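**Student:** File structure.csv follows (CSV, C-alpha atoms):
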chain,number,residue,atom,x,y,z
A,1312,MET,CA,8.4,7.3,10.8
A,1313,THR,CA,11.4,5.7,12.6
A,1314,TYR,CA,13.0,2.3,12.3
A,1315,THR,CA,13.3,-0.4,14.9
A,1316,LEU,CA,16.6,-2.1,15.3
A,1317,ALA,CA,15.5,-5.0,13.2
A,1318,THR,CA,14.1,-2.8,10.4
A,1319,ALA,CA,17.2,-0.6,10.5
A,1320,ALA,CA,19.4,-3.7,10.2
A,1321,GLU,CA,17.3,-5.0,7.3
A,1322,VAL,CA,17.5,-1.6,5.4
A,1323,ALA,CA,21.2,-1.3,6.1
A,1324,GLY,CA,21.9,-4.9,5.1
A,1325,LYS,CA,23.5,-5.6,8.4
A,1326,THR,CA,22.6,-7.7,11.4
A,1327,LYS,CA,20.6,-6.5,14.3
A,1328,PRO,CA,23.6,-7.0,16.8
A,1329,THR,CA,25.7,-4.8,14.5
A,1330,ILE,CA,23.2,-2.0,14.6
A,1331,TRP,CA,22.8,-2.5,18.4
A,1332,ARG,CA,26.6,-2.2,18.8
A,1333,ALA,CA,26.6,1.0,16.7
A,1334,VAL,CA,23.8,2.5,18.8
A,1335,LYS,CA,25.5,1.5,22.0
A,1336,SER,CA,28.9,2.9,20.9
A,1337,GLY,CA,27.2,6.2,19.9
A,1338,LYS,CA,27.8,5.8,16.1
A,1339,ILE,CA,24.1,5.9,15.6
A,1340,SER,CA,21.8,8.2,17.5
A,1341,ALA,CA,18.6,6.4,18.7
A,1342,THR,CA,15.7,7.1,20.9
A,1343,ARG,CA,14.9,4.6,23.7
A,1344,LEU,CA,11.2,4.1,24.3
A,1345,GLU,CA,9.6,3.3,27.7
A,1346,ASP,CA,9.4,-0.4,26.8
A,1347,GLY,CA,13.2,-0.5,26.3
A,1348,SER,CA,13.1,-0.7,22.5
A,1349,PHE,CA,15.0,1.7,20.3
A,1350,ARG,CA,13.8,3.9,17.4
A,1351,ILE,CA,16.3,5.1,14.7
A,1352,ASP,CA,15.5,8.0,12.4
A,1353,PRO,CA,16.0,7.1,8.7
A,1354,ALA,CA,18.2,10.2,8.2
A,1355,GLU,CA,20.5,9.1,11.1
A,1356,LEU,CA,20.8,5.6,9.6
A,1357,GLY,CA,21.6,7.2,6.3
A,1358,ARG,CA,24.3,9.3,7.9
A,1359,TYR,CA,25.8,6.3,9.6
A,1360,LEU,CA,25.7,4.2,6.4
A,1361,THR,CA,27.3,7.0,4.4
A,1362,SER,CA,30.1,7.3,7.0
A,1363,THR,CA,30.6,3.6,7.0
A,1364,GLN,CA,30.5,3.6,3.1
A,1365,GLU,CA,33.7,5.7,3.1
A,1366,THR,CA,35.4,3.2,5.4
A,1367,LEU,CA,34.0,0.3,3.4
A,1368,ALA,CA,35.1,1.9,0.1
A,1369,ASN,CA,38.7,2.1,1.5
A,1370,GLU,CA,38.5,-1.5,2.6
A,1371,THR,CA,37.0,-2.5,-0.7
A,1372,ALA,CA,39.8,-0.8,-2.6
A,1373,LYS,CA,42.3,-2.8,-0.5
A,1374,ARG,CA,40.4,-6.0,-1.0
A,1375,SER,CA,39.9,-5.5,-4.7
A,1376,GLU,CA,43.6,-5.4,-5.0
A,1377,THR,CA,43.7,-8.8,-3.4
A,1378,GLY,CA,40.9,-10.1,-5.6
A,1379,SER,CA,37.9,-9.9,-3.2
A,1380,PRO,CA,34.5,-10.0,-5.0
A,1381,LEU,CA,33.0,-7.4,-2.6
A,1382,GLY,CA,31.8,-4.4,-4.7
A,1383,GLU,CA,31.4,-0.8,-3.7
A,1384,MET,CA,27.8,0.4,-3.2
A,1385,ASP,CA,27.1,3.9,-4.4
A,1386,ALA,CA,26.0,6.2,-1.5
A,1387,LYS,CA,23.2,7.7,-3.7
A,1388,VAL,CA,21.8,4.2,-4.4
A,1389,LEU,CA,21.9,3.5,-0.7
A,1390,GLN,CA,20.0,6.7,0.1
A,1391,GLU,CA,17.5,5.8,-2.5
A,1392,ALA,CA,17.1,2.3,-1.1
A,1393,ILE,CA,16.5,3.8,2.4
A,1394,ALA,CA,14.0,6.2,1.0
A,1395,LEU,CA,12.1,3.4,-0.8
A,1396,ARG,CA,12.2,1.2,2.3
A,1397,PHE,CA,10.7,4.1,4.3
A,1398,THR,CA,8.0,4.6,1.7
A,1399,VAL,CA,7.1,0.9,1.7
A,1400,GLU,CA,6.9,0.9,5.5
A,1401,ARG,CA,4.6,3.9,5.4
A,1402,LEU,CA,2.4,2.3,2.8
A,1403,GLU,CA,2.3,-0.9,4.8
A,1404,ALA,CA,1.2,1.0,7.9
A,1405,LEU,CA,-1.5,2.8,5.8
A,1406,LEU,CA,-2.7,-0.5,4.4
A,1407,ALA,CA,-2.9,-2.0,7.9
A,1408,THR,CA,-4.9,1.0,9.1
A,1409,GLU,CA,-7.3,0.7,6.1
A,1410,ARG,CA,-7.7,-3.0,6.8
A,1411,GLU,CA,-8.6,-2.3,10.4
A,1412,ARG,CA,-11.1,0.4,9.3
A,1413,ALA,CA,-12.7,-2.1,6.8
A,1414,ALA,CA,-13.1,-4.7,9.6
A,1415,GLU,CA,-14.6,-2.1,11.9
A,1416,LEU,CA,-17.1,-1.0,9.1
A,1417,ARG,CA,-18.0,-4.6,8.5
A,1418,GLU,CA,-18.7,-5.1,12.2
A,1419,GLU,CA,-20.8,-2.0,12.3
A,1420,ARG,CA,-22.7,-3.0,9.2
A,1421,ASN,CA,-23.4,-6.4,10.8
A,1422,GLN,CA,-24.7,-4.8,14.0
A,1423,TRP,CA,-27.0,-2.5,12.0
A,1424,ARG,CA,-28.3,-5.5,10.0
A,1425,ASP,CA,-29.0,-7.5,13.2
A,1426,GLN,CA,-30.8,-4.5,14.7
A,1427,ALA,CA,-33.0,-4.1,11.5
A,1428,GLN,CA,-33.9,-7.8,11.6
A,1429,ARG,CA,-34.8,-7.6,15.3
A,1430,LEU,CA,-37.0,-4.5,14.6
A,1431,ALA,CA,-38.7,-6.2,11.6
A,1432,ILE,CA,-39.5,-9.3,13.7
A,1433,THR,CA,-40.9,-7.2,16.5
A,1434,HIS,CA,-43.0,-5.2,14.0
A,1435,GLU,CA,-44.4,-8.4,12.5
A,1436,LYS,CA,-45.4,-9.7,15.9
A,1437,THR,CA,-47.1,-6.4,16.8
A,1438,ILE,CA,-49.1,-6.5,13.6
A,1439,ALA,CA,-50.1,-10.2,14.1
A,1440,ALA,CA,-51.1,-9.6,17.7
A,1441,ALA,CA,-53.3,-6.5,17.0
A,1442,PRO,CA,-57.0,-7.3,17.1
A,1443,ALA,CA,-58.9,-7.1,13.9
A,1444,LEU,CA,-61.4,-4.2,13.8
A,1445,GLU,CA,-65.0,-5.0,13.2
A,1446,PRO,CA,-66.6,-3.5,10.1
A,1447,THR,CA,-68.5,-0.3,11.0
A,1448,ALA,CA,-71.4,-1.0,8.7
A,1449,ASP,CA,-72.9,-3.5,11.2
A,1450,ARG,CA,-72.6,-1.2,14.1
A,1451,SER,CA,-74.8,1.8,14.3
A,1452,GLY,CA,-73.4,4.8,15.9
A,1453,LEU,CA,-75.2,7.2,18.3
A,1454,VAL,CA,-75.7,9.8,15.6
A,1455,THR,CA,-77.1,7.2,13.2
A,1456,ARG,CA,-79.6,5.9,15.7
A,1457,LEU,CA,-80.7,9.4,16.7
A,1458,LEU,CA,-81.3,10.4,13.0
A,1459,ALA,CA,-83.2,7.2,12.5
A,1460,ALA,CA,-85.4,8.0,15.5
A,1461,VAL,CA,-86.0,11.5,14.4
A,1462,ARG,CA,-87.0,10.4,10.9
A,1463,GLY,CA,-89.3,8.0,12.1
Spit out the file's structure as structure tokens when you get a sec.

**Tutor:**
Amino acid sequence: MTYTLATAAEVAGKTKPTIWRAVKSGKISATRLEDGSFRIDPAELGRYLTSTQETLANETAKRSETGSPLGEMDAKVLQEAIALRFTVERLEALLATERERAAELREERNQWRDQAQRLAITHEKTIAAAPALEPTADRSGLVTRLLAAVRG
């Protein structure tokens, strides 16, 4: 799974324009889709963030000497956060797929129920419209009449 610019920015804790500038300058490799949007591989984002972490660590060391509250984020923690974000996105996609499947199954169930009701109504009309058969005891068949004539 790949990140969009917005998702990559969210995972990296940066703004979308910052990620866009990094892609445009070649600091982050991204794939451009036919619709013009970009997709960034999580490993590529991690590589970029690790390289910027080193730069950030140097700047943080300089700032910490001046009393800046900006702390240093461990690269391992950052990689773990990226991996967790990737897992969450994958699970969200799976959940969306399962919700679509459940909706399709509900629709199919409703169609089958409607068809069963239509068939039951048609069957009831057929039974009601069928003529009642006369009892055979009142009617003499040909064989019965012949036997009666032979006997006498």

**Student:** Rounded to one decimal place, report the CA of Leu1316 in chain A-CA of Phe1349 in chain A distance in Å.

**Tutor:** 6.5 Å

**Student:** Could you give me, as a ChimeraX atom specification, the residues within 10 Å of Ser1348 in chain A, counting only C-alpha atoms and dropping anything in the same chain fewer than 4 positions from it?

**Tutor:** /A:1315-1316,1341-1344

**Student:** Could you write out that same residue set with C-alpha atoms as a compact mmCIF listing (two decimals), in the frame of the given file?

**Tutor:**
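Result saved to part_22.txt:
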# COMPACT_ATOMS: atom_id res chain seq x y z
CA THR A 1315 13.30 -0.40 14.90
CA LEU A 1316 16.60 -2.10 15.30
CA ALA A 1341 18.60 6.40 18.70
CA THR A 1342 15.70 7.10 20.90
CA ARG A 1343 14.90 4.60 23.70
CA LEU A 1344 11.20 4.10 24.30

**Student:** How far is it from CA of Lys1338 in chain A to CA of Gln1364 in chain A, in Å with one decimal?

**Tutor:** 13.5 Å

**Student:** How many Å lie between CA of Lys1436 in chain A and CA of Glu1418 in chain A, rounded to one decimal?

**Tutor:**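 Distance reported for this atom pair: 27.3 Å.
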
**Student:** In terms of the shortest atom-to-atom distance over all atoms listed in the file, which of A:Gly1337, A:Gln1426, A:Ala1413, A:Pro1353 is closest to Glu1400 in chain A?

**Tutor:**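 Using all atoms listed in the file, Glu1400 in chain A sits closest to A:Pro1353.
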
**Student:** Which is closer to Val1334 in chain A than all the others in A:Arg1410, A:Arg1401, A:Arg1350, A:Arg1417, using all atoms listed in the file?

**Tutor:**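 So, comparing all the options, the nearest one is A:Arg1350.
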
**Student:** Can you report as AutoDock Vina command-line options the centre and edge lengths in Å, to one decimal, of an axis-aligned box around the listed atoms of range 1397-1408 of chain A padded with 6 Å on each side?

**Tutor:**
--center_x 2.9 --center_y 1.3 --center_z 5.4 --size_x 27.6 --size_y 18.6 --size_z 19.4

**Student:** Residues at most 10 Å from Ala1394 in chain A, counting all atoms listed in the file, excluding those fewer than 5 positions away in the same chain, as a PyMOL selection string?

**Tutor:** chain A and resi 1322+1353-1354+1357+1388-1389+1399-1400

**Student:** Can you tell me which residues surround Ala1323 in chain A at a distance of at most 8 Å, considering all atoms listed in the file, apart from same-chain residues fewer than 6 positions away, and format the answer as a list of chain:residue names?

**Tutor:**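 The residues that qualify are A:Leu1356, A:Leu1360, A:Ile1393.
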
**Student:** So, counting all atoms listed in the file, which residue among A:Leu1416, A:Ile1351, A:Ala1427, A:Leu1457 is closest to Met1312 in chain A?

**Tutor:**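 Ranking A:Leu1416, A:Ile1351, A:Ala1427, A:Leu1457 by distance to Met1312 in chain A, first place goes to A:Ile1351.
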
**Student:** Because some atoms of range 1420-1431 of chain A are absent here, can you restore all heavy atoms and send them as a compact mmCIF listing (two decimals), keeping the file's coordinate frame?

**Tutor:**
# COMPACT_ATOMS: atom_id res chain seq x y z
N ARG A 1420 -21.67 -2.67 10.16
CA ARG A 1420 -22.70 -3.00 9.20
C ARG A 1420 -23.50 -4.24 9.74
O ARG A 1420 -24.73 -4.27 9.69
CB ARG A 1420 -22.11 -3.37 7.84
CG ARG A 1420 -23.15 -3.82 6.82
CD ARG A 1420 -22.55 -4.62 5.70
NE ARG A 1420 -21.93 -5.83 6.22
CZ ARG A 1420 -21.01 -6.52 5.57
NH1 ARG A 1420 -20.56 -6.11 4.42
NH2 ARG A 1420 -20.50 -7.62 6.10
N ASN A 1421 -22.79 -5.24 10.25
CA ASN A 1421 -23.40 -6.40 10.80
C ASN A 1421 -24.34 -6.10 11.98
O ASN A 1421 -25.43 -6.65 12.13
CB ASN A 1421 -22.42 -7.49 11.15
CG ASN A 1421 -21.73 -8.08 9.93
OD1 ASN A 1421 -22.23 -7.98 8.81
ND2 ASN A 1421 -20.57 -8.66 10.13
N GLN A 1422 -23.87 -5.18 12.82
CA GLN A 1422 -24.70 -4.80 14.00
C GLN A 1422 -25.96 -4.07 13.50
O GLN A 1422 -27.04 -4.33 14.04
CB GLN A 1422 -23.89 -3.86 14.88
CG GLN A 1422 -22.79 -4.57 15.64
CD GLN A 1422 -21.91 -3.61 16.42
OE1 GLN A 1422 -22.03 -2.40 16.31
NE2 GLN A 1422 -21.00 -4.18 17.21
N TRP A 1423 -25.85 -3.20 12.49
CA TRP A 1423 -27.00 -2.50 12.00
C TRP A 1423 -27.99 -3.52 11.34
O TRP A 1423 -29.21 -3.41 11.49
CB TRP A 1423 -26.65 -1.44 10.95
CG TRP A 1423 -26.14 -0.19 11.57
CD1 TRP A 1423 -24.88 0.29 11.53
CD2 TRP A 1423 -26.90 0.76 12.34
NE1 TRP A 1423 -24.80 1.47 12.23
CE2 TRP A 1423 -26.02 1.79 12.73
CE3 TRP A 1423 -28.23 0.84 12.74
CZ2 TRP A 1423 -26.43 2.88 13.49
CZ3 TRP A 1423 -28.62 1.94 13.50
CH2 TRP A 1423 -27.74 2.93 13.86
N ARG A 1424 -27.46 -4.51 10.62
CA ARG A 1424 -28.30 -5.50 10.00
C ARG A 1424 -29.06 -6.32 11.05
O ARG A 1424 -30.26 -6.56 10.93
CB ARG A 1424 -27.47 -6.47 9.15
CG ARG A 1424 -28.33 -7.52 8.43
CD ARG A 1424 -27.56 -8.62 7.72
NE ARG A 1424 -26.45 -8.10 6.94
CZ ARG A 1424 -25.26 -8.69 6.89
NH1 ARG A 1424 -25.02 -9.78 7.57
NH2 ARG A 1424 -24.31 -8.19 6.16
N ASP A 1425 -28.35 -6.71 12.11
CA ASP A 1425 -29.00 -7.50 13.20
C ASP A 1425 -30.09 -6.64 13.86
O ASP A 1425 -31.18 -7.15 14.15
CB ASP A 1425 -27.96 -7.87 14.24
CG ASP A 1425 -26.97 -8.90 13.71
OD1 ASP A 1425 -27.24 -9.50 12.64
OD2 ASP A 1425 -25.92 -9.08 14.36
N GLN A 1426 -29.82 -5.35 14.07
CA GLN A 1426 -30.80 -4.50 14.70
C GLN A 1426 -32.05 -4.35 13.78
O GLN A 1426 -33.19 -4.41 14.25
CB GLN A 1426 -30.25 -3.11 14.99
CG GLN A 1426 -31.24 -2.20 15.68
CD GLN A 1426 -30.66 -0.85 16.03
OE1 GLN A 1426 -29.48 -0.60 15.82
NE2 GLN A 1426 -31.48 0.02 16.57
N ALA A 1427 -31.84 -4.20 12.47
CA ALA A 1427 -33.00 -4.10 11.50
C ALA A 1427 -33.78 -5.36 11.52
O ALA A 1427 -35.02 -5.31 11.48
CB ALA A 1427 -32.43 -3.77 10.13
N GLN A 1428 -33.12 -6.51 11.58
CA GLN A 1428 -33.90 -7.80 11.60
C GLN A 1428 -34.67 -7.90 12.89
O GLN A 1428 -35.82 -8.34 12.87
CB GLN A 1428 -32.90 -8.94 11.47
CG GLN A 1428 -32.33 -9.08 10.07
CD GLN A 1428 -31.25 -10.15 9.99
OE1 GLN A 1428 -30.78 -10.66 11.00
NE2 GLN A 1428 -30.86 -10.47 8.76
N ARG A 1429 -34.09 -7.52 14.03
CA ARG A 1429 -34.80 -7.60 15.30
C ARG A 1429 -36.05 -6.66 15.25
O ARG A 1429 -37.14 -7.03 15.68
CB ARG A 1429 -33.92 -7.18 16.46
CG ARG A 1429 -32.96 -8.26 16.89
CD ARG A 1429 -32.31 -7.92 18.22
NE ARG A 1429 -31.65 -6.63 18.24
CZ ARG A 1429 -30.39 -6.40 17.88
NH1 ARG A 1429 -29.65 -7.40 17.46
NH2 ARG A 1429 -29.88 -5.19 17.94
N LEU A 1430 -35.89 -5.47 14.70
CA LEU A 1430 -37.00 -4.50 14.60
C LEU A 1430 -38.09 -5.05 13.67
O LEU A 1430 -39.29 -4.90 13.93
CB LEU A 1430 -36.53 -3.15 14.17
CG LEU A 1430 -35.72 -2.38 15.21
CD1 LEU A 1430 -35.15 -1.12 14.60
CD2 LEU A 1430 -36.57 -2.06 16.42
N ALA A 1431 -37.69 -5.66 12.56
CA ALA A 1431 -38.70 -6.20 11.60
C ALA A 1431 -39.46 -7.34 12.24
O ALA A 1431 -40.68 -7.41 12.08
CB ALA A 1431 -37.95 -6.68 10.34
